[in-house]
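To start, the structure itself, in C-alpha cells.
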Amino acid sequence: MAGSLAASAFFPGPGSSPAASARTSKSTTGELPENLSVRGIVAKPNPSPGVMQVKAQAQALPKVNGTKVNHKNVGANAEESIPYTTPKTFYNQLPDWSMLLAAVTTIFLAAEKQWTLLDWKPKRPDMLVDTFGFGRIIQDGLVFRQNFLIRSYEIGADRTASIEALMNHLQETALNHVKTAGLLGDGFGATPEMSKRNLIWVVSKIQLLVDKYPSWGDMVQVDTWVAGAGKNGMRRDWHVRDYNSGCTILRATSVWVMMNKQTRRLSKMPDAVRAEIGPYFNDRSAITDAQSEKLAKPGNNIDSDATKQFIRKGLTPRWGDLDVNQHVNNVKYIGWILESAPISILEKHELASMTLDYRKECGRDSVLQSITTVSDECADDHPGSNIQCDHLLQLESGADT
C-alpha cells in the first residue's frame, strides 16, 4: 500500500550531523559494467593432479648405540640400508582400510564439534538469551518478543539506526509472531484461512513515537501483539526497548485490513479468519490517548499560505523494493517521504513522531513524486524549535497513491 498523506515531527538533534562536514570532502565514483551476469563469472579450472616421485637417500651414522656400523658395497649403483622396524601402534596393526576409518572418525568428531557450537548457551547474564534471535511468545501467548542487534549497515550519517531499520524490525517481529503462533499459511503473514480465500494483509495506518535512536552495536528488544480494529480490521502494536537498560526506544501502532490478492480489492474479514486470530487479541495499547495527542497529524499545513513546499520527482520502485505480495513494501514509503525533506532539517533534527495513512498500493511501474510542506513558523532561523512537516506521496500524474 502507498502512503498518500503523512506527517512527521522533528526534534532538535544532539549536534550537527557528520554529513554536514562531509560535504566539503571530494567524493569519487567508479564505473560499473553495463551488464553483469552470474554466468559471466567463470571458475578457474583446477589443473589435473600430477604424479610426484620422491627418492630418499639416507646415510647411516658411524655408530648406532655404541656399535660400529659397516657399509658393504654390492655394486657401483647399489646401496645397502639398515633395516628399521616401526614401533607397533594401534593404526599400524589395522588393515589397509585404516585410513578410511580415520577419515570417518574425523568426520564424526567435526560433526560433534559443530553440534556443540549449535547447542551453545550464553554464560554471561548480559548476553542475549535468545541466541539466534528467533524470538518467543510470552505473557500467556499474547505477546511475541524478539531481540535485534543494530548492525553497521543499519546506521546513518548521525551514527544511529535509521527509521527504516527500526521499521524493518517491526515488520520482522510481526511476521515471526504469526509464524511462531502456528498461524502462517502460504502467504506473506496470511493465515491458513486467508490463504484459502486468496486474502492478504495490507497496512492502512501507522503511528509511531520515537524516544531515542539506538547506536551501532546496541541490542533492542521488540514486543508486539495484536487486537481487533472495528469489524474488518486488526490492530498491531509494538514496544521497542533497549535490551540492557529497559528504556523505551519506540512505540508504534498500526491498522491492517484484508485485500484480495487477485482482484486487488479490499475485503471484509471472514468469520473463519476472525476465529483464527481472535484468541491472540490483546487490548493493551502501545500508544495511549495522551501520547496520541503528541503525534503529528497529516494535512495540517498542506493548504496553508504560510508554508514552503519541497518536491522530489522521478521516484521509481526498484525490483528489490517489492515484497512477495507484488507491491512496494510499506517501509519503503518512509524513505521516499524523507527524500523531499530539506537537508537542513534532517541534519539538525531527529524524527520524533510520524503518522502515515496508506490509500493505494504502489506497483513496480509507478513513477511518484514526494512533496514536503513546512510551515514558515518552523523555519531554519528558529534553532532548537520543533518542526512539523506534512508529506504527500503521489503519482506524477497527480493521483494520490
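Following the order of the C-alpha cells, first chain is A, next is B, and so on, with residues numbered from 1 inside each chain and ligands from 1 in the order they appear.
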
Note to self: So that I can see what lies close to stretch 225-233 of chain A, please list as a list in words the residues with an atom at most 7 Å from it, counting only C-alpha atoms and leaving out residues fewer than 6 positions away in the same chain.
What the structure shows: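 Counting only C-alpha atoms, the residues come to Leu142, Val143, Phe144, Val255, Trp256, Val257, Lys268, Met269, Tyr280, Phe281, Asn282 and Asp283 of chain A.
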
Selected residues written out with C-alpha atoms, as a PDB file, in the first residue's frame:
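What ended up in part-v9.pdb:
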```pdb
ATOM      1  CA  LEU A 142      -0.442 -12.887  23.846  1.00  0.00           C
ATOM      2  CA  VAL A 143       2.886 -11.105  23.250  1.00  0.00           C
ATOM      3  CA  PHE A 144       5.763 -12.008  20.938  1.00  0.00           C
ATOM      4  CA  VAL A 255      -4.191  -0.838  11.481  1.00  0.00           C
ATOM      5  CA  TRP A 256      -4.321  -3.655   8.918  1.00  0.00           C
ATOM      6  CA  VAL A 257      -7.103  -4.667   6.547  1.00  0.00           C
ATOM      7  CA  LYS A 268     -14.293  -8.000   4.727  1.00  0.00           C
ATOM      8  CA  MET A 269     -12.807 -10.208   7.405  1.00  0.00           C
ATOM      9  CA  TYR A 280      -4.496 -13.848  20.295  1.00  0.00           C
ATOM     10  CA  PHE A 281      -6.140 -10.438  20.693  1.00  0.00           C
ATOM     11  CA  ASN A 282      -4.686  -8.256  23.441  1.00  0.00           C
ATOM     12  CA  ASP A 283      -6.453  -4.987  24.282  1.00  0.00           C
TER      13      ASP A 283
END
```

Notebook entry, point to check: If you count only C-alpha atoms, which residues fall within 8 Å of A:Pro214, apart from same-chain ones fewer than 5 positions away, as a ChimeraX atom specification?
Noted result: /A:150,160-161,220,242,249

Would you save the residues of that selection, restricted to C-alpha atoms, as an mmCIF file, in the first residue's frame?
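Saved result, selection-v2.cif, follows:
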```cif
data_model
loop_
_atom_site.group_PDB
_atom_site.id
_atom_site.type_symbol
_atom_site.label_atom_id
_atom_site.label_comp_id
_atom_site.auth_asym_id
_atom_site.auth_seq_id
_atom_site.Cartn_x
_atom_site.Cartn_y
_atom_site.Cartn_z
ATOM 1 C CA ILE A 150 21.944 -2.961 15.456
ATOM 2 C CA THR A 160 22.378 5.953 14.906
ATOM 3 C CA ALA A 161 19.900 3.465 13.484
ATOM 4 C CA VAL A 220 16.997 -3.732 21.125
ATOM 5 C CA ASP A 242 16.905 -1.049 24.970
ATOM 6 C CA ILE A 249 13.129 3.471 22.249
#
```

Next item on the list: Write out as a PyMOL selection string which residues come within 9 Å of stretch 167-173 of chain A when counting only C-alpha atoms, dropping same-chain ones fewer than 3 positions away.
Entry: chain A and resi 135+144-146+148+162-164+176-178+222-224+238+240+252+331

Note to self: For the alpha helix (DSSP H) assignment from backbone DSSP, which residues of stretch 200-398 of chain A qualify? Please present them as an MDAnalysis selection string.
What the structure shows: chainID A and resid 271:277 289:292 330:339 343:348

Write out, as a JSON list (two decimals), in the first residue's frame, the residues just selected, with N, CA and C atoms.
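After the write, selection.json holds the following:
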```
[["chain", "number", "residue", "atom", "x", "y", "z"],
["A", 271, "ASP", "N", -15.49, -14.78, 9.00],
["A", 271, "ASP", "CA", -15.62, -15.28, 10.37],
["A", 271, "ASP", "C", -14.56, -16.33, 10.68],
["A", 272, "ALA", "N", -14.20, -17.13, 9.68],
["A", 272, "ALA", "CA", -13.19, -18.17, 9.91],
["A", 272, "ALA", "C", -11.84, -17.55, 10.24],
["A", 273, "VAL", "N", -11.51, -16.43, 9.62],
["A", 273, "VAL", "CA", -10.24, -15.76, 9.91],
["A", 273, "VAL", "C", -10.29, -15.14, 11.29],
["A", 274, "ARG", "N", -11.43, -14.54, 11.64],
["A", 274, "ARG", "CA", -11.55, -13.94, 12.97],
["A", 274, "ARG", "C", -11.44, -15.01, 14.05],
["A", 275, "ALA", "N", -11.96, -16.19, 13.77],
["A", 275, "ALA", "CA", -11.84, -17.28, 14.75],
["A", 275, "ALA", "C", -10.39, -17.73, 14.91],
["A", 276, "GLU", "N", -9.58, -17.59, 13.85],
["A", 276, "GLU", "CA", -8.17, -17.96, 13.93],
["A", 276, "GLU", "C", -7.37, -17.00, 14.79],
["A", 277, "ILE", "N", -7.54, -15.71, 14.55],
["A", 277, "ILE", "CA", -6.70, -14.71, 15.21],
["A", 277, "ILE", "C", -7.31, -14.17, 16.48],
["A", 289, "ASP", "N", -3.92, 7.49, 24.75],
["A", 289, "ASP", "CA", -4.62, 8.64, 24.17],
["A", 289, "ASP", "C", -3.85, 9.93, 24.40],
["A", 290, "ALA", "N", -3.24, 10.05, 25.59],
["A", 290, "ALA", "CA", -2.46, 11.26, 25.87],
["A", 290, "ALA", "C", -1.24, 11.35, 24.97],
["A", 291, "GLN", "N", -0.59, 10.23, 24.72],
["A", 291, "GLN", "CA", 0.56, 10.23, 23.82],
["A", 291, "GLN", "C", 0.14, 10.46, 22.38],
["A", 292, "SER", "N", -1.05, 10.01, 22.03],
["A", 292, "SER", "CA", -1.53, 10.19, 20.66],
["A", 292, "SER", "C", -1.71, 11.66, 20.32],
["A", 330, "ASN", "N", 5.73, -1.38, 2.62],
["A", 330, "ASN", "CA", 5.30, -0.13, 3.27],
["A", 330, "ASN", "C", 6.46, 0.64, 3.88],
["A", 331, "VAL", "N", 7.56, -0.04, 4.26],
["A", 331, "VAL", "CA", 8.69, 0.67, 4.86],
["A", 331, "VAL", "C", 9.38, 1.55, 3.82],
["A", 332, "LYS", "N", 9.33, 1.16, 2.55],
["A", 332, "LYS", "CA", 10.00, 1.94, 1.51],
["A", 332, "LYS", "C", 9.41, 3.33, 1.39],
["A", 333, "TYR", "N", 8.12, 3.48, 1.66],
["A", 333, "TYR", "CA", 7.49, 4.79, 1.53],
["A", 333, "TYR", "C", 8.09, 5.82, 2.47],
["A", 334, "ILE", "N", 8.56, 5.38, 3.62],
["A", 334, "ILE", "CA", 9.15, 6.33, 4.58],
["A", 334, "ILE", "C", 10.41, 6.95, 3.98],
["A", 335, "GLY", "N", 11.22, 6.13, 3.33],
["A", 335, "GLY", "CA", 12.40, 6.69, 2.68],
["A", 335, "GLY", "C", 12.04, 7.66, 1.58],
["A", 336, "TRP", "N", 11.01, 7.35, 0.80],
["A", 336, "TRP", "CA", 10.57, 8.27, -0.25],
["A", 336, "TRP", "C", 10.04, 9.57, 0.33],
["A", 337, "ILE", "N", 9.32, 9.49, 1.43],
["A", 337, "ILE", "CA", 8.78, 10.70, 2.06],
["A", 337, "ILE", "C", 9.91, 11.63, 2.49],
["A", 338, "LEU", "N", 10.94, 11.05, 3.10],
["A", 338, "LEU", "CA", 12.05, 11.87, 3.59],
["A", 338, "LEU", "C", 12.94, 12.37, 2.47],
["A", 339, "GLU", "N", 12.79, 11.85, 1.25],
["A", 339, "GLU", "CA", 13.60, 12.31, 0.13],
["A", 339, "GLU", "C", 13.36, 13.79, -0.16],
["A", 343, "ILE", "N", 17.37, 19.14, 3.65],
["A", 343, "ILE", "CA", 18.53, 18.54, 4.28],
["A", 343, "ILE", "C", 18.91, 19.27, 5.56],
["A", 344, "SER", "N", 18.59, 20.57, 5.64],
["A", 344, "SER", "CA", 18.91, 21.32, 6.85],
["A", 344, "SER", "C", 18.11, 20.81, 8.05],
["A", 345, "ILE", "N", 16.90, 20.32, 7.80],
["A", 345, "ILE", "CA", 16.09, 19.75, 8.88],
["A", 345, "ILE", "C", 16.64, 18.38, 9.27],
["A", 346, "LEU", "N", 16.99, 17.58, 8.29],
["A", 346, "LEU", "CA", 17.49, 16.24, 8.59],
["A", 346, "LEU", "C", 18.82, 16.27, 9.32],
["A", 347, "GLU", "N", 19.64, 17.28, 9.05],
["A", 347, "GLU", "CA", 20.95, 17.37, 9.69],
["A", 347, "GLU", "C", 20.86, 17.82, 11.15],
["A", 348, "LYS", "N", 19.92, 18.71, 11.45],
["A", 348, "LYS", "CA", 19.89, 19.33, 12.77],
["A", 348, "LYS", "C", 18.79, 18.78, 13.67]]
```

Within 12 Å of stretch 306-323 of chain A, which residues of stretch 148-264 of chain A show up? Give each one with its shortest atom-to-atom distance in Å (one decimal) and the two atoms involved, counting only C-alpha atoms, rows by chain then rising residue number, as CSV.
```
residue,atom,partner,partner_atom,distance
A:Gln171,CA,A:Asp323,CA,11.9
A:Gly187,CA,A:Asp323,CA,11.0
A:Phe188,CA,A:Asp323,CA,8.5
A:Gly189,CA,A:Asp323,CA,11.6
A:Val202,CA,A:Asp323,CA,11.6
```

Item checked: Distance in Å - atom CA of A:Gly363 versus atom CA of A:Gln394 -> 12.4 Å

Check: Of the residues A:Ser8, A:Gln388, A:Asn260, A:Ser215, which is the one nearest to A:Leu199, using only C-alpha atoms?
Finding: A:Asn260
